[in-house]
Amino acid sequence: MKKILMACGVAAALIGAATSCSNSSSTGADGFSDSLSLTFGEVNGLRLASDYNQLPASEKTNLKRDDILRGIKQVVMTDTTQQGYLSGLNIGLQLAGQLMRYEEAGIKIDRAKLYEAYAKAFSADSVSAEQLREAQMTMQTLSQQAQERMMKFYEEQQKAEEEAAMNGEDAKANGEAGEAYIKAQMEKDPSIKKTESGVAYKVVAEGTGEPVGKNGAAVVNYKGSLIDGTVFDQNDGIQFSPGNVVPGFGEMLAQMKKGSHYIIMIPGSLAYGGKGVPQAGIGPNATLIFDLEVTEVK
C-alpha cells in the first residue's frame, strides 16, 4: 500500500505541475509555464500516437482514440489535493488489469460483487491476522483453480489456431508434398521404417550403450533440411533433451544411443505444425529432414 501511495504521490506531483501550468497559462503570467505545458503534452501525445499508429486495426477497435483521451483527461484534470481519490484510481487500474486477464481467459468476474466485497472489507474498523490469513488461503486455492482454467483455455485456443492454420491452402499443399516425399523415399529404400506416430527414419549406425530416454539429454551433430534440399539449420556439439524439441525429433532422439546416426523425416504435424517458422524458411505443415548423430549421452 505504501508503494502505491508513493507512486500516486509522484503522479499527483506531475499532474499538479501540469495543472499549475494550465492555470498560469490562462492568466498569461508565465510564458515558461505555457511552453512547458504545451511541449509536455505534445511530446507525450506524439509518443503515444507513434505506438498507437502501429497497432493492428483489430486492436484499435477496442482502443479508440476518444476513449483513451477521455481516460487521460479524467486523471490529468483531477483535483490533485484529493490524494485518496488518486490512490483509488491507481489501485482500481491495477485491479482492472487483473480482471482483464481473467476475463480474456473466459473466467467471468462479477465486478459489482467484487466491488461490494472490496468496499465492505476495506471499511472494517479492524482486521485480525487470523481473518486475513483465512481469506488469503481461500484466495490462494481459488487462484490455483483459476490458473488451471486459464491454462486450459489458452491450450484450447492454441489448438484451435493450430487446426485453423493446418487447414490453410499452403499447409495442405505442404502436407501432401511431404507425404508423397516420404512415400517415395520408403519405396526406394526398404531400410526406411516408420513409427506409429508417422516419423520415417533410416538407421545409418545404431550406436551402443543406454538410449537417451525421454528424460535424458544428448550432445548431437545435426543438419535440418526441407524436402527440396534447402538447409534451414545446422549445428555440431549442441545438447538437446527430447522434451525440449519438436515432437518428432524428440521421439527419435529418445531412442538413440551414443554413436547412433539416423536420417529422420518428420511430418509437419510432428514438427512446427500449421504456423511453421517463417523466419527460418519453414512453411506451414512442412516436412523436415534431419541428419542426426548422437556423440554423447548425458
# chains A, B, ... in the order shown; residues from 1 in each chain; ligands from 1
$ residues_around --residues "Met252 in chain A" --least-positions-apart "6" --cutoff "9 Å" --atoms "only C-alpha atoms" --output "ChimeraX atom specification"
/A:199,201,242,262,264
$ select_by_dssp --residues "range 70-279 of chain A" --states "strand (DSSP E)" --output "count of residues only"
33
$ atom_distance --atom1 "CA of Leu36 in chain A" --atom2 "CA of Met77 in chain A"
16.6 Å
$ residues_around --residues "Asp228 in chain A" --least-positions-apart "4" --cutoff "12 Å" --atoms "only C-alpha atoms" --output "ChimeraX atom specification"
/A:174,177-178,181,224,232,281-282,286-289
$ write_last_selection --atoms "C-alpha atoms" --output "PDB file, in the first residue's frame"
ATOM      1  CA  ASN A 174       2.992 -28.822 -47.901  1.00  0.00           C
ATOM      2  CA  ALA A 177       4.062 -32.903 -50.695  1.00  0.00           C
ATOM      3  CA  GLY A 178       5.642 -34.221 -47.502  1.00  0.00           C
ATOM      4  CA  TYR A 181       8.151 -37.438 -50.442  1.00  0.00           C
ATOM      5  CA  GLY A 224      17.988 -29.903 -40.862  1.00  0.00           C
ATOM      6  CA  PHE A 232      17.433 -24.366 -42.666  1.00  0.00           C
ATOM      7  CA  GLY A 281      12.064 -20.546 -44.256  1.00  0.00           C
ATOM      8  CA  ILE A 282       9.911 -23.358 -42.808  1.00  0.00           C
ATOM      9  CA  ALA A 286       6.332 -28.514 -43.774  1.00  0.00           C
ATOM     10  CA  THR A 287       8.014 -31.917 -43.563  1.00  0.00           C
ATOM     11  CA  LEU A 288      11.514 -31.712 -42.060  1.00  0.00           C
ATOM     12  CA  ILE A 289      14.507 -33.969 -42.691  1.00  0.00           C
TER      13      ILE A 289
END
$ closest_residue --among "A:Leu99, A:Ala164, A:Leu48, A:Val75" --to "Lys275 in chain A" --atoms "only C-alpha atoms"
A:Ala164
$ residues_around --residues "Gln255 in chain A" --least-positions-apart "6" --cutoff "8 Å" --atoms "only C-alpha atoms" --output "CSV table (one decimal) with N, CA, C and O atoms, in the first residue's frame"
chain,number,residue,atom,x,y,z
A,211,PRO,N,20.1,-45.9,-24.3
A,211,PRO,CA,19.4,-44.8,-25.1
A,211,PRO,C,19.3,-43.5,-24.3
A,211,PRO,O,19.3,-43.5,-23.1
A,212,VAL,N,19.1,-42.5,-25.0
A,212,VAL,CA,19.0,-41.1,-24.3
A,212,VAL,C,17.8,-41.1,-23.4
A,212,VAL,O,17.9,-40.6,-22.3
A,213,GLY,N,16.6,-41.7,-23.8
A,213,GLY,CA,15.5,-41.7,-23.0
A,213,GLY,C,14.7,-40.4,-23.0
A,213,GLY,O,15.2,-39.4,-23.3
$ atom_distance --atom1 "CA of Val294 in chain A" --atom2 "CA of Val220 in chain A"
4.5 Å
$ residues_around --residues "Pro247 in chain A" --least-positions-apart "5" --cutoff "9 Å" --atoms "only C-alpha atoms" --output "ChimeraX atom specification"
/A:242,252,266,269-272
$ write_last_selection --atoms "N, CA, C and O atoms" --output "CSV table (one decimal), in the first residue's frame"
chain,number,residue,atom,x,y,z
A,242,PRO,N,15.0,-34.6,-25.3
A,242,PRO,CA,13.8,-34.9,-26.1
A,242,PRO,C,12.6,-34.1,-25.8
A,242,PRO,O,11.8,-33.8,-26.7
A,252,MET,N,12.5,-39.6,-31.7
A,252,MET,CA,13.6,-40.3,-32.3
A,252,MET,C,14.9,-40.2,-31.4
A,252,MET,O,15.6,-41.2,-31.1
A,266,ILE,N,10.3,-36.0,-40.6
A,266,ILE,CA,9.3,-35.6,-39.7
A,266,ILE,C,8.1,-34.9,-40.4
A,266,ILE,O,8.3,-33.8,-40.9
A,269,SER,N,3.0,-32.1,-38.9
A,269,SER,CA,2.1,-32.2,-37.7
A,269,SER,C,3.0,-32.6,-36.4
A,269,SER,O,2.6,-32.3,-35.3
A,270,LEU,N,4.2,-33.2,-36.7
A,270,LEU,CA,5.0,-33.5,-35.6
A,270,LEU,C,6.3,-32.6,-35.5
A,270,LEU,O,7.2,-32.9,-34.8
A,271,ALA,N,6.2,-31.6,-36.4
A,271,ALA,CA,7.3,-30.6,-36.4
A,271,ALA,C,6.8,-29.3,-35.9
A,271,ALA,O,6.4,-29.1,-34.8
A,272,TYR,N,6.7,-28.3,-36.8
A,272,TYR,CA,6.3,-26.9,-36.4
A,272,TYR,C,4.8,-26.6,-36.7
A,272,TYR,O,4.4,-25.5,-36.6
$ atom_distance --atom1 "CA of Gly168 in chain A" --atom2 "CA of Gly274 in chain A"
7.9 Å
$ closest_residue --among "A:Gly276, A:Gly97, A:Pro190, A:Gly41" --to "Asp170 in chain A" --atoms "only C-alpha atoms"
A:Gly276
$ select_by_dssp --residues "range 70-205 of chain A" --states "helix (DSSP H, G or I)" --output "ChimeraX atom specification"
/A:70-76,83-104,111-122,129-166,169-188
$ residues_around --residues "Ala49 in chain A" --least-positions-apart "3" --cutoff "12 Å" --atoms "only C-alpha atoms" --output "PyMOL selection string"
chain A and resi 41-46+52-55+60+64-65+68-69
$ residues_around --residues "range 130-142 of chain A" --least-positions-apart "5" --cutoff "12 Å" --atoms "only C-alpha atoms" --output "VMD selection string"
chain A and resid 107 117 121 to 122 124 147 to 149
